[in-house]
$ cat input.tsv   # TSV, C-alpha atoms and all ligand atoms
chain	number	residue	atom	x	y	z
A	1	MET	CA	-27.91	-48.52	-41.76
A	2	ARG	CA	-28.56	-46.03	-44.56
A	3	TRP	CA	-31.19	-45.44	-47.22
A	4	GLU	CA	-29.55	-45.74	-50.64
A	5	ALA	CA	-32.76	-45.27	-52.67
A	6	ASP	CA	-36.50	-45.81	-52.26
A	7	GLY	CA	-36.86	-49.23	-50.64
A	8	VAL	CA	-33.11	-49.93	-50.57
A	9	LEU	CA	-31.39	-50.02	-47.19
A	10	SER	CA	-27.67	-50.62	-46.81
A	11	LEU	CA	-26.23	-52.35	-43.75
A	12	ARG	CA	-22.69	-51.92	-42.57
A	13	LEU	CA	-21.58	-55.02	-40.68
A	14	CYS	CA	-18.63	-54.96	-38.29
A	15	ASP	CA	-17.00	-57.50	-36.01
A	16	PRO	CA	-18.35	-56.81	-32.48
A	17	SER	CA	-14.83	-57.00	-31.05
A	18	GLY	CA	-13.45	-54.62	-33.67
A	19	GLU	CA	-11.31	-57.26	-35.41
A	20	GLU	CA	-10.55	-56.98	-39.11
A	21	LEU	CA	-12.99	-58.93	-41.25
A	22	PRO	CA	-11.89	-61.62	-43.73
A	23	SER	CA	-10.89	-60.42	-47.18
A	24	TRP	CA	-13.20	-60.87	-50.17
A	25	GLN	CA	-13.30	-60.30	-53.91
A	26	PRO	CA	-15.96	-58.48	-55.96
A	27	GLY	CA	-18.92	-60.76	-56.69
A	28	ALA	CA	-18.86	-62.29	-53.19
A	29	HIS	CA	-21.93	-62.57	-51.02
A	30	LEU	CA	-22.73	-63.11	-47.35
A	31	ALA	CA	-25.36	-65.35	-45.80
A	32	LEU	CA	-27.12	-63.53	-42.97
A	33	HIS	CA	-28.71	-65.72	-40.30
A	34	LEU	CA	-31.92	-64.02	-39.23
A	35	PRO	CA	-34.44	-65.01	-36.55
A	36	GLY	CA	-36.76	-67.91	-37.27
A	37	GLY	CA	-34.03	-69.91	-38.96
A	38	LEU	CA	-34.02	-67.63	-42.01
A	39	VAL	CA	-30.76	-67.54	-43.94
A	40	ARG	CA	-30.57	-65.00	-46.75
A	41	GLU	CA	-27.73	-64.10	-49.11
A	42	PHE	CA	-26.77	-60.55	-49.97
A	43	SER	CA	-23.96	-59.42	-52.26
A	44	LEU	CA	-21.18	-57.33	-50.81
A	45	CYS	CA	-21.05	-53.89	-52.35
A	46	SER	CA	-18.40	-52.12	-50.28
A	47	ASP	CA	-14.70	-51.74	-50.96
A	48	PRO	CA	-12.83	-55.06	-50.50
A	49	GLN	CA	-9.81	-53.07	-49.26
A	50	ASP	CA	-11.86	-51.88	-46.29
A	51	ARG	CA	-11.51	-54.71	-43.76
A	52	SER	CA	-13.15	-52.70	-40.96
A	53	GLY	CA	-16.66	-53.45	-42.21
A	54	TRP	CA	-18.77	-55.06	-44.91
A	55	THR	CA	-21.71	-53.40	-46.64
A	56	VAL	CA	-24.69	-55.12	-48.18
A	57	ALA	CA	-27.84	-53.48	-49.56
A	58	VAL	CA	-31.30	-54.95	-49.10
A	59	LEU	CA	-34.35	-54.21	-51.24
A	60	ARG	CA	-37.72	-54.16	-49.51
A	61	GLU	CA	-39.65	-56.79	-51.45
A	62	PRO	CA	-43.41	-57.18	-51.04
A	63	SER	CA	-43.03	-60.86	-51.95
A	64	SER	CA	-40.26	-61.34	-49.39
A	65	ARG	CA	-40.08	-64.75	-47.73
A	66	GLY	CA	-39.21	-62.86	-44.55
A	67	GLY	CA	-35.56	-61.87	-44.98
A	68	SER	CA	-35.94	-58.47	-46.56
A	69	ALA	CA	-38.99	-57.64	-44.43
A	70	TYR	CA	-37.06	-58.45	-41.27
A	71	VAL	CA	-34.10	-56.31	-42.28
A	72	HIS	CA	-36.38	-53.37	-43.13
A	73	THR	CA	-38.72	-53.52	-40.15
A	74	GLU	CA	-37.00	-55.31	-37.27
A	75	LEU	CA	-33.24	-55.10	-37.57
A	76	ARG	CA	-31.75	-52.17	-35.68
A	77	VAL	CA	-28.34	-50.52	-35.41
A	78	GLY	CA	-26.24	-52.45	-32.90
A	79	ASP	CA	-28.09	-55.77	-33.30
A	80	LEU	CA	-25.89	-58.85	-33.36
A	81	ILE	CA	-26.39	-61.26	-36.25
A	82	THR	CA	-24.49	-64.30	-37.45
A	83	VAL	CA	-22.95	-64.10	-40.89
A	84	ASP	CA	-21.48	-66.85	-43.09
A	85	GLY	CA	-19.03	-66.04	-45.83
A	86	PRO	CA	-17.90	-64.27	-47.82
A	87	ARG	CA	-18.52	-66.84	-50.55
A	88	ASN	CA	-18.02	-66.09	-54.24
A	89	ASN	CA	-19.76	-67.76	-57.20
A	90	PHE	CA	-19.50	-64.66	-59.42
A	91	ARG	CA	-15.79	-63.94	-59.65
A	92	LEU	CA	-14.22	-61.43	-61.99
A	93	GLU	CA	-12.19	-63.43	-64.48
A	94	ASP	CA	-9.42	-62.03	-66.64
A	95	ALA	CA	-10.58	-60.41	-69.86
A	96	GLU	CA	-9.48	-57.57	-72.13
A	97	ARG	CA	-12.84	-55.83	-71.82
A	98	TYR	CA	-15.81	-56.00	-69.49
A	99	LEU	CA	-19.47	-55.17	-69.92
A	100	LEU	CA	-21.34	-54.98	-66.60
A	101	ILE	CA	-25.15	-55.07	-66.63
A	102	ALA	CA	-27.14	-54.46	-63.45
A	103	GLY	CA	-30.89	-54.49	-63.01
A	104	GLY	CA	-32.35	-52.96	-59.85
A	105	ILE	CA	-30.79	-54.32	-56.66
A	106	GLY	CA	-28.48	-56.37	-58.90
A	107	ILE	CA	-26.26	-53.30	-58.75
A	108	THR	CA	-24.71	-54.57	-55.49
A	109	PRO	CA	-22.11	-57.04	-56.84
A	110	ILE	CA	-21.75	-55.00	-60.03
A	111	LEU	CA	-20.82	-51.88	-58.02
A	112	ALA	CA	-17.99	-53.77	-56.32
A	113	MET	CA	-16.82	-55.03	-59.72
A	114	ALA	CA	-16.88	-51.55	-61.23
A	115	ARG	CA	-14.79	-50.20	-58.37
A	116	GLU	CA	-12.27	-53.02	-58.80
A	117	LEU	CA	-12.05	-52.70	-62.59
A	118	GLU	CA	-11.59	-48.95	-62.37
A	119	SER	CA	-8.78	-49.38	-59.83
A	120	ARG	CA	-7.09	-51.88	-62.17
A	121	GLY	CA	-7.34	-49.45	-65.07
A	122	ALA	CA	-9.38	-52.07	-66.95
A	123	ASP	CA	-11.48	-51.40	-70.04
A	124	TRP	CA	-15.05	-51.56	-68.74
A	125	ARG	CA	-18.49	-50.08	-69.18
A	126	MET	CA	-21.82	-50.58	-67.46
A	127	LEU	CA	-25.53	-50.52	-68.14
A	128	TYR	CA	-27.51	-49.95	-64.94
A	129	ALA	CA	-31.25	-50.29	-65.45
A	130	GLY	CA	-34.14	-49.78	-63.06
A	131	ARG	CA	-37.89	-49.46	-63.34
A	132	TRP	CA	-38.02	-46.17	-61.46
A	133	VAL	CA	-35.10	-43.79	-61.07
A	134	THR	CA	-35.92	-43.19	-57.41
A	135	THR	CA	-35.30	-46.88	-56.63
A	136	MET	CA	-31.84	-46.97	-58.24
A	137	ALA	CA	-29.22	-47.12	-55.48
A	138	PHE	CA	-25.63	-45.85	-55.44
A	139	LEU	CA	-26.01	-43.32	-58.28
A	140	PRO	CA	-23.63	-40.74	-56.72
A	141	GLU	CA	-21.01	-43.42	-56.09
A	142	LEU	CA	-21.27	-44.72	-59.64
A	143	ASP	CA	-20.78	-41.20	-60.89
A	144	ARG	CA	-17.59	-40.96	-58.83
A	145	ILE	CA	-16.26	-44.37	-59.90
A	146	GLY	CA	-17.06	-44.42	-63.56
A	147	ALA	CA	-18.28	-41.14	-64.97
A	148	GLY	CA	-18.69	-41.62	-68.71
A	149	LYS	CA	-18.56	-45.42	-68.43
A	150	VAL	CA	-21.95	-45.96	-66.80
A	151	GLU	CA	-25.16	-45.76	-68.82
A	152	LEU	CA	-28.15	-45.24	-66.55
A	153	HIS	CA	-31.55	-46.34	-67.79
A	154	ALA	CA	-34.74	-45.75	-65.80
A	155	ASP	CA	-37.78	-47.28	-67.49
A	156	ASP	CA	-40.07	-44.57	-66.06
A	157	GLU	CA	-38.00	-41.81	-67.63
A	158	ALA	CA	-37.18	-43.61	-70.87
A	159	GLY	CA	-40.69	-44.95	-71.39
A	160	GLY	CA	-39.60	-48.58	-71.61
A	161	PRO	CA	-36.81	-51.09	-71.04
A	162	PRO	CA	-33.25	-50.59	-72.28
A	163	ASP	CA	-32.16	-51.53	-75.79
A	164	LEU	CA	-30.12	-54.61	-74.87
A	165	ALA	CA	-29.36	-55.44	-78.48
A	166	ALA	CA	-27.52	-52.13	-78.80
A	167	THR	CA	-25.72	-52.64	-75.49
A	168	LEU	CA	-24.55	-56.11	-76.50
A	169	ALA	CA	-23.76	-55.25	-80.12
A	170	ASP	CA	-20.00	-54.89	-79.74
A	171	VAL	CA	-19.43	-57.81	-77.36
A	172	ASP	CA	-16.69	-59.91	-78.93
A	173	GLY	CA	-14.43	-62.79	-77.93
A	174	ARG	CA	-12.31	-60.44	-75.80
A	175	THR	CA	-15.23	-59.24	-73.68
A	176	LEU	CA	-16.79	-60.82	-70.61
A	177	VAL	CA	-20.35	-59.80	-69.76
A	178	TYR	CA	-21.36	-59.83	-66.07
A	179	VAL	CA	-25.07	-59.57	-65.37
A	180	CYS	CA	-26.99	-59.41	-62.10
A	181	GLY	CA	-30.65	-58.54	-61.83
A	182	PRO	CA	-34.16	-59.89	-62.06
A	183	GLU	CA	-34.84	-63.02	-64.10
A	184	PRO	CA	-36.43	-61.24	-67.12
A	185	LEU	CA	-33.26	-59.17	-67.56
A	186	LEU	CA	-31.05	-62.25	-67.32
A	187	ALA	CA	-33.25	-64.14	-69.77
A	188	ALA	CA	-33.19	-61.23	-72.22
A	189	VAL	CA	-29.39	-61.00	-72.11
A	190	GLU	CA	-29.07	-64.77	-72.51
A	191	ALA	CA	-31.40	-64.65	-75.51
A	192	GLN	CA	-29.60	-61.78	-77.22
A	193	LEU	CA	-25.95	-62.53	-76.58
A	194	ALA	CA	-24.62	-64.47	-79.55
A	195	ASP	CA	-21.79	-66.24	-77.69
A	196	PRO	CA	-22.98	-67.66	-74.33
A	197	SER	CA	-19.39	-68.44	-73.29
A	198	ARG	CA	-18.91	-64.68	-72.75
A	199	LEU	CA	-21.69	-64.50	-70.15
A	200	ARG	CA	-21.43	-64.64	-66.34
A	201	LEU	CA	-24.71	-64.46	-64.40
A	202	GLU	CA	-25.71	-64.00	-60.77
A	203	ARG	CA	-29.31	-64.94	-60.06
A	204	PHE	CA	-31.65	-63.78	-57.27
A	205	LYS	CA	-33.98	-66.71	-57.76
A	206	ALA	CA	-33.67	-70.05	-59.46
A	207	PRO	CA	-35.35	-70.35	-62.83
A	208	GLU	CA	-37.54	-73.39	-63.52
A	209	PRO	CA	-35.98	-76.48	-61.88
A	210	ILE	CA	-33.86	-78.61	-64.20
A	211	ALA	CA	-35.81	-81.68	-65.28
A	212	PRO	CA	-34.78	-85.16	-64.15
A	213	PRO	CA	-33.08	-87.42	-66.69
A	214	GLU	CA	-35.09	-89.78	-68.86
A	215	GLY	CA	-36.66	-92.39	-66.60
A	216	GLY	CA	-37.07	-89.91	-63.74
A	217	ASP	CA	-35.25	-89.54	-60.45
A	218	GLN	CA	-33.67	-92.65	-58.97
A	219	PRO	CA	-32.75	-93.43	-55.36
A	220	PHE	CA	-29.04	-93.55	-54.58
A	221	ASP	CA	-26.63	-93.84	-51.67
A	222	ILE	CA	-24.12	-91.27	-50.48
A	223	ILE	CA	-20.91	-92.62	-48.97
A	224	CYS	CA	-19.31	-90.11	-46.59
A	225	ALA	CA	-15.62	-90.55	-47.40
A	226	GLY	CA	-14.35	-89.47	-43.97
A	227	SER	CA	-16.38	-91.93	-41.92
A	228	GLY	CA	-17.45	-94.52	-44.48
A	229	ARG	CA	-21.03	-93.85	-43.43
A	230	ARG	CA	-23.76	-94.63	-45.97
A	231	VAL	CA	-26.81	-92.34	-46.35
A	232	HIS	CA	-29.71	-93.45	-48.52
A	233	VAL	CA	-31.41	-90.78	-50.67
A	234	PRO	CA	-34.94	-91.84	-51.66
A	235	VAL	CA	-36.57	-90.70	-54.90
A	236	ASP	CA	-38.65	-88.00	-53.23
A	237	THR	CA	-35.91	-86.58	-50.98
A	238	THR	CA	-33.03	-84.28	-51.80
A	239	ALA	CA	-29.49	-85.31	-50.96
A	240	LEU	CA	-29.35	-82.34	-48.59
A	241	ALA	CA	-32.48	-83.43	-46.71
A	242	ALA	CA	-31.26	-87.02	-46.48
A	243	LEU	CA	-27.88	-85.93	-45.13
A	244	GLU	CA	-29.48	-83.59	-42.59
A	245	ALA	CA	-31.91	-86.30	-41.48
A	246	ALA	CA	-28.95	-88.63	-40.98
A	247	GLY	CA	-27.27	-86.05	-38.76
A	248	VAL	CA	-24.52	-85.10	-41.20
A	249	PRO	CA	-23.87	-81.38	-40.61
A	250	MET	CA	-24.54	-79.57	-43.89
A	251	PRO	CA	-24.51	-75.80	-44.42
A	252	SER	CA	-27.31	-74.68	-46.72
A	253	SER	CA	-29.29	-71.60	-47.56
A	254	CYS	CA	-31.19	-71.11	-50.84
A	255	THR	CA	-32.01	-74.83	-51.42
A	256	GLU	CA	-32.42	-73.88	-55.09
A	257	GLY	CA	-28.91	-74.37	-56.44
A	258	ILE	CA	-28.06	-70.68	-56.76
A	259	CYS	CA	-26.11	-69.64	-53.63
A	260	GLY	CA	-23.31	-72.20	-53.42
A	261	THR	CA	-23.57	-72.73	-49.65
A	262	CYS	CA	-24.06	-76.51	-49.84
A	263	GLU	CA	-21.15	-77.17	-52.23
A	264	THR	CA	-19.65	-80.59	-51.51
A	265	GLY	CA	-16.62	-82.29	-53.02
A	266	VAL	CA	-17.23	-85.38	-55.16
A	267	ILE	CA	-14.76	-88.26	-54.87
A	268	ALA	CA	-16.47	-91.02	-56.85
A	269	GLY	CA	-19.67	-91.55	-58.80
A	270	THR	CA	-21.44	-89.44	-61.42
A	271	VAL	CA	-23.50	-86.42	-60.43
A	272	ASP	CA	-26.69	-85.31	-62.16
A	273	HIS	CA	-26.01	-81.58	-61.81
A	274	ARG	CA	-29.12	-79.42	-61.42
A	275	ASP	CA	-27.64	-76.22	-60.02
A	276	PHE	CA	-27.39	-72.85	-61.74
A	277	LEU	CA	-23.79	-72.18	-60.71
A	278	LEU	CA	-21.40	-74.57	-62.42
A	279	THR	CA	-20.23	-74.07	-65.98
A	280	GLU	CA	-20.54	-76.95	-68.42
A	281	ASP	CA	-16.82	-77.66	-67.98
A	282	GLU	CA	-17.16	-77.71	-64.20
A	283	LYS	CA	-20.12	-80.06	-64.46
A	284	SER	CA	-18.15	-82.39	-66.71
A	285	ALA	CA	-15.21	-82.38	-64.28
A	286	GLN	CA	-17.43	-84.05	-61.62
A	287	LYS	CA	-15.34	-82.58	-58.79
A	288	THR	CA	-18.07	-80.82	-56.86
A	289	MET	CA	-21.86	-80.76	-56.44
A	290	PHE	CA	-24.63	-78.78	-54.77
A	291	VAL	CA	-26.52	-81.29	-52.68
A	292	CYS	CA	-29.68	-79.18	-52.32
A	293	VAL	CA	-30.68	-79.88	-55.92
A	294	SER	CA	-28.26	-82.27	-57.62
A	295	ARG	CA	-28.61	-86.04	-57.54
A	296	ALA	CA	-26.71	-89.07	-58.83
A	297	LEU	CA	-26.59	-90.88	-62.14
A	298	THR	CA	-24.83	-93.81	-60.45
A	299	PRO	CA	-26.16	-95.97	-57.59
A	300	GLU	CA	-23.58	-94.44	-55.24
A	301	LEU	CA	-21.79	-91.14	-54.80
A	302	THR	CA	-18.75	-90.85	-52.55
A	303	LEU	CA	-18.61	-87.31	-51.19
A	304	ASP	CA	-16.02	-85.40	-49.23
A	305	LEU	CA	-18.02	-85.57	-45.99
A	306	SER	CA	-17.24	-86.96	-42.57
B	401	LIG	S1	-28.17	-74.28	-50.52
B	401	LIG	FE1	-27.81	-72.79	-52.05
B	401	LIG	S2	-26.83	-73.93	-53.64
B	401	LIG	FE2	-27.45	-75.41	-52.19

$ encode --input "input.tsv" --output "structure tokens" --more "lines below"
Ligand code: FES
Amino acid sequence: MRWEADGVLSLRLCDPSGEELPSWQPGAHLALHLPGGLVREFSLCSDPQDRSGWTVAVLREPSSRGGSAYVHTELRVGDLITVDGPRNNFRLEDAERYLLIAGGIGITPILAMARELESRGADWRMLYAGRWVTTMAFLPELDRIGAGKVELHADDEAGGPPDLAATLADVDGRTLVYVCGPEPLLAAVEAQLADPSRLRLERFKAPEPIAPPEGGDQPFDIICAGSGRRVHVPVDTTALAALEAAGVPMPSSCTEGICGTCETGVIAGTVDHRDFLLTEDEKSAQKTMFVCVSRALTPELTLDLS
């Protein structure tokens, strides 16, 4: 465990038997299982080449639902915790140029991306913004990785937020923009970027839930393809809750459609996608769904479940 900035603690996680850990790609996150049934996701920020350990960084949040408070006040060096993953909903795709934008603790996946892009010799630059400079983690490492490519912006020193319009001004069809940070930053980038197809976002929290279709939510049945079992999903119950109540083992974490843990293959039927992960093309393909939030537009969905 190490302090990376005010309120930001990094954890290095190792296999207790000393085995190499699974490989991962920048943008991946882990789900940490904490006492009390808490499961919280944290982005990996270490070097993917280093299979001897994984590093995540955790911000102490006053509004924490328990995860960050536990890590900061209870977790101790040598404690054993269960970890799921790595899982990646924020992959680096091929592009000629990259613009990385991090806000606050959103630096964690962006740091791993910067390291990867620099090692590839890619054309990249970064805006890293924080409200107070003392809370901005990994500044020495960023200086090592990308001196001259990283613009640091601390609101307390600059007297206000960064000029996103200027940062986004030269984004063109050859550039992909990766953004991770608090919702106001994501919303501001979404509002100011002319071509939304260039944008890749990682969210900490779900925005407002996606509204039901006209006529409201409808009940539907899930057919588990492996067993043929039928699970009814009432109007006021999520597919995840109905499956869990029926004893179908389902991994889940955020229950807000942002972490990807409950992703389930779709074999037949039409999904009403309400997650914040799939692209429009992926939604249209109807190959996968996130059962914590998404429902059905058909009376039945056949899912890749046993
Ligand atoms: S549990 Fe996180 S997307 Fe469903």

$ residues_around --input "input.tsv" --residues "A:Val266" --least-positions-apart "3" --cutoff "12 Å" --atoms "all atoms listed in the file" --output "PyMOL selection string"
chain A and resi 222-225+263+269-273+282-291+294-296+300-305

$ residues_around --input "input.tsv" --residues "stretch 57-62 of chain A" --least-positions-apart "4" --cutoff "6 Å" --atoms "all atoms listed in the file" --output "count of residues only"
5

$ closest_residue --input "input.tsv" --among "A:Thr175, A:Ser306, A:Ser252, A:Thr261" --to "A:Arg97" --atoms "all atoms listed in the file"
A:Thr175

$ residues_around --input "input.tsv" --residues "A:Ala158" --least-positions-apart "4" --cutoff "12 Å" --atoms "all atoms listed in the file" --output "CSV table (one decimal) with C-alpha atoms, in the coordinates of the input"
chain,number,residue,atom,x,y,z
A,129,ALA,CA,-31.2,-50.3,-65.4
A,130,GLY,CA,-34.1,-49.8,-63.1
A,131,ARG,CA,-37.9,-49.5,-63.3
A,132,TRP,CA,-38.0,-46.2,-61.5
A,133,VAL,CA,-35.1,-43.8,-61.1
A,152,LEU,CA,-28.2,-45.2,-66.6
A,153,HIS,CA,-31.6,-46.3,-67.8
A,154,ALA,CA,-34.7,-45.8,-65.8
A,162,PRO,CA,-33.2,-50.6,-72.3
A,163,ASP,CA,-32.2,-51.5,-75.8

$ residues_near_ligand --input "input.tsv" --ligand "ligand LIG 401 (chain B)" --cutoff "10 Å" --atoms "only C-alpha atoms and all ligand atoms" --output "ChimeraX atom specification"
/A:39-41,206,240,250-264,274-277,289-294

$ closest_residue --input "input.tsv" --among "A:Arg115, A:Arg198, A:His29, A:Arg230" --to "A:Arg144" --atoms "only C-alpha atoms"
A:Arg115

$ closest_residue --input "input.tsv" --among "A:Gly66, A:Pro161, A:Pro35, A:Gly228" --to "A:Ile81" --atoms "all atoms listed in the file"
A:Pro35

$ decode --input "input.tsv" --residues "stretch 256-266 of chain A" --atoms "all heavy atoms" --output "PDB file, in the first residue's frame"
ATOM      1  N   GLU A 256     -25.584  -1.194 -12.236  1.00  0.00           N
ATOM      2  CA  GLU A 256     -25.976   0.059 -12.898  1.00  0.00           C
ATOM      3  C   GLU A 256     -25.640   0.059 -14.381  1.00  0.00           C
ATOM      4  O   GLU A 256     -25.747   1.083 -15.044  1.00  0.00           O
ATOM      5  CB  GLU A 256     -25.252   1.241 -12.251  1.00  0.00           C
ATOM      6  CG  GLU A 256     -25.636   1.498 -10.818  1.00  0.00           C
ATOM      7  CD  GLU A 256     -24.907   2.708 -10.262  1.00  0.00           C
ATOM      8  OE1 GLU A 256     -23.676   2.802 -10.456  1.00  0.00           O
ATOM      9  OE2 GLU A 256     -25.569   3.558  -9.667  1.00  0.00           O
ATOM     10  N   GLY A 257     -25.154  -1.072 -14.893  1.00  0.00           N
ATOM     11  CA  GLY A 257     -24.836  -1.128 -16.316  1.00  0.00           C
ATOM     12  C   GLY A 257     -23.555  -0.422 -16.703  1.00  0.00           C
ATOM     13  O   GLY A 257     -23.418   0.033 -17.840  1.00  0.00           O
ATOM     14  N   ILE A 258     -22.597  -0.332 -15.768  1.00  0.00           N
ATOM     15  CA  ILE A 258     -21.345   0.346 -16.129  1.00  0.00           C
ATOM     16  C   ILE A 258     -20.101  -0.519 -15.961  1.00  0.00           C
ATOM     17  O   ILE A 258     -19.031  -0.146 -16.426  1.00  0.00           O
ATOM     18  CB  ILE A 258     -21.138   1.662 -15.338  1.00  0.00           C
ATOM     19  CG1 ILE A 258     -21.134   1.404 -13.830  1.00  0.00           C
ATOM     20  CG2 ILE A 258     -22.171   2.693 -15.717  1.00  0.00           C
ATOM     21  CD1 ILE A 258     -20.702   2.614 -13.022  1.00  0.00           C
ATOM     22  N   CYS A 259     -20.191  -1.676 -15.274  1.00  0.00           N
ATOM     23  CA  CYS A 259     -18.951  -2.422 -15.002  1.00  0.00           C
ATOM     24  C   CYS A 259     -18.741  -3.608 -15.937  1.00  0.00           C
ATOM     25  O   CYS A 259     -17.614  -4.050 -16.129  1.00  0.00           O
ATOM     26  CB  CYS A 259     -18.914  -2.893 -13.553  1.00  0.00           C
ATOM     27  SG  CYS A 259     -19.971  -4.317 -13.201  1.00  0.00           S
ATOM     28  N   GLY A 260     -19.798  -4.165 -16.477  1.00  0.00           N
ATOM     29  CA  GLY A 260     -19.667  -5.279 -17.413  1.00  0.00           C
ATOM     30  C   GLY A 260     -19.667  -6.652 -16.768  1.00  0.00           C
ATOM     31  O   GLY A 260     -19.615  -7.664 -17.463  1.00  0.00           O
ATOM     32  N   THR A 261     -19.740  -6.727 -15.441  1.00  0.00           N
ATOM     33  CA  THR A 261     -19.614  -8.019 -14.766  1.00  0.00           C
ATOM     34  C   THR A 261     -20.737  -8.987 -15.138  1.00  0.00           C
ATOM     35  O   THR A 261     -20.524 -10.191 -15.223  1.00  0.00           O
ATOM     36  CB  THR A 261     -19.610  -7.807 -13.237  1.00  0.00           C
ATOM     37  OG1 THR A 261     -18.592  -6.872 -12.924  1.00  0.00           O
ATOM     38  CG2 THR A 261     -19.347  -9.100 -12.491  1.00  0.00           C
ATOM     39  N   CYS A 262     -21.943  -8.486 -15.358  1.00  0.00           N
ATOM     40  CA  CYS A 262     -23.092  -9.372 -15.574  1.00  0.00           C
ATOM     41  C   CYS A 262     -23.352  -9.639 -17.056  1.00  0.00           C
ATOM     42  O   CYS A 262     -24.448 -10.080 -17.414  1.00  0.00           O
ATOM     43  CB  CYS A 262     -24.340  -8.777 -14.923  1.00  0.00           C
ATOM     44  SG  CYS A 262     -24.892  -7.265 -15.727  1.00  0.00           S
ATOM     45  N   GLU A 263     -22.382  -9.391 -17.903  1.00  0.00           N
ATOM     46  CA  GLU A 263     -22.580  -9.575 -19.348  1.00  0.00           C
ATOM     47  C   GLU A 263     -23.000 -11.018 -19.645  1.00  0.00           C
ATOM     48  O   GLU A 263     -22.407 -11.970 -19.137  1.00  0.00           O
ATOM     49  CB  GLU A 263     -21.295  -9.246 -20.101  1.00  0.00           C
ATOM     50  CG  GLU A 263     -21.471  -9.351 -21.604  1.00  0.00           C
ATOM     51  CD  GLU A 263     -20.299  -8.756 -22.367  1.00  0.00           C
ATOM     52  OE1 GLU A 263     -19.266  -8.451 -21.731  1.00  0.00           O
ATOM     53  OE2 GLU A 263     -20.435  -8.597 -23.594  1.00  0.00           O
ATOM     54  N   THR A 264     -24.026 -11.158 -20.465  1.00  0.00           N
ATOM     55  CA  THR A 264     -24.592 -12.474 -20.765  1.00  0.00           C
ATOM     56  C   THR A 264     -24.887 -12.557 -22.259  1.00  0.00           C
ATOM     57  O   THR A 264     -25.441 -11.616 -22.842  1.00  0.00           O
ATOM     58  CB  THR A 264     -25.905 -12.669 -19.967  1.00  0.00           C
ATOM     59  OG1 THR A 264     -25.623 -12.460 -18.581  1.00  0.00           O
ATOM     60  CG2 THR A 264     -26.459 -14.067 -20.154  1.00  0.00           C
ATOM     61  N   GLY A 265     -24.531 -13.672 -22.866  1.00  0.00           N
ATOM     62  CA  GLY A 265     -24.758 -13.848 -24.297  1.00  0.00           C
ATOM     63  C   GLY A 265     -26.240 -13.984 -24.617  1.00  0.00           C
ATOM     64  O   GLY A 265     -26.995 -14.612 -23.874  1.00  0.00           O
ATOM     65  N   VAL A 266     -26.633 -13.392 -25.738  1.00  0.00           N
ATOM     66  CA  VAL A 266     -28.034 -13.445 -26.184  1.00  0.00           C
ATOM     67  C   VAL A 266     -28.121 -14.381 -27.381  1.00  0.00           C
ATOM     68  O   VAL A 266     -27.385 -14.224 -28.360  1.00  0.00           O
ATOM     69  CB  VAL A 266     -28.529 -12.037 -26.578  1.00  0.00           C
ATOM     70  CG1 VAL A 266     -29.950 -12.095 -27.120  1.00  0.00           C
ATOM     71  CG2 VAL A 266     -28.444 -11.099 -25.386  1.00  0.00           C
TER      72      VAL A 266
END
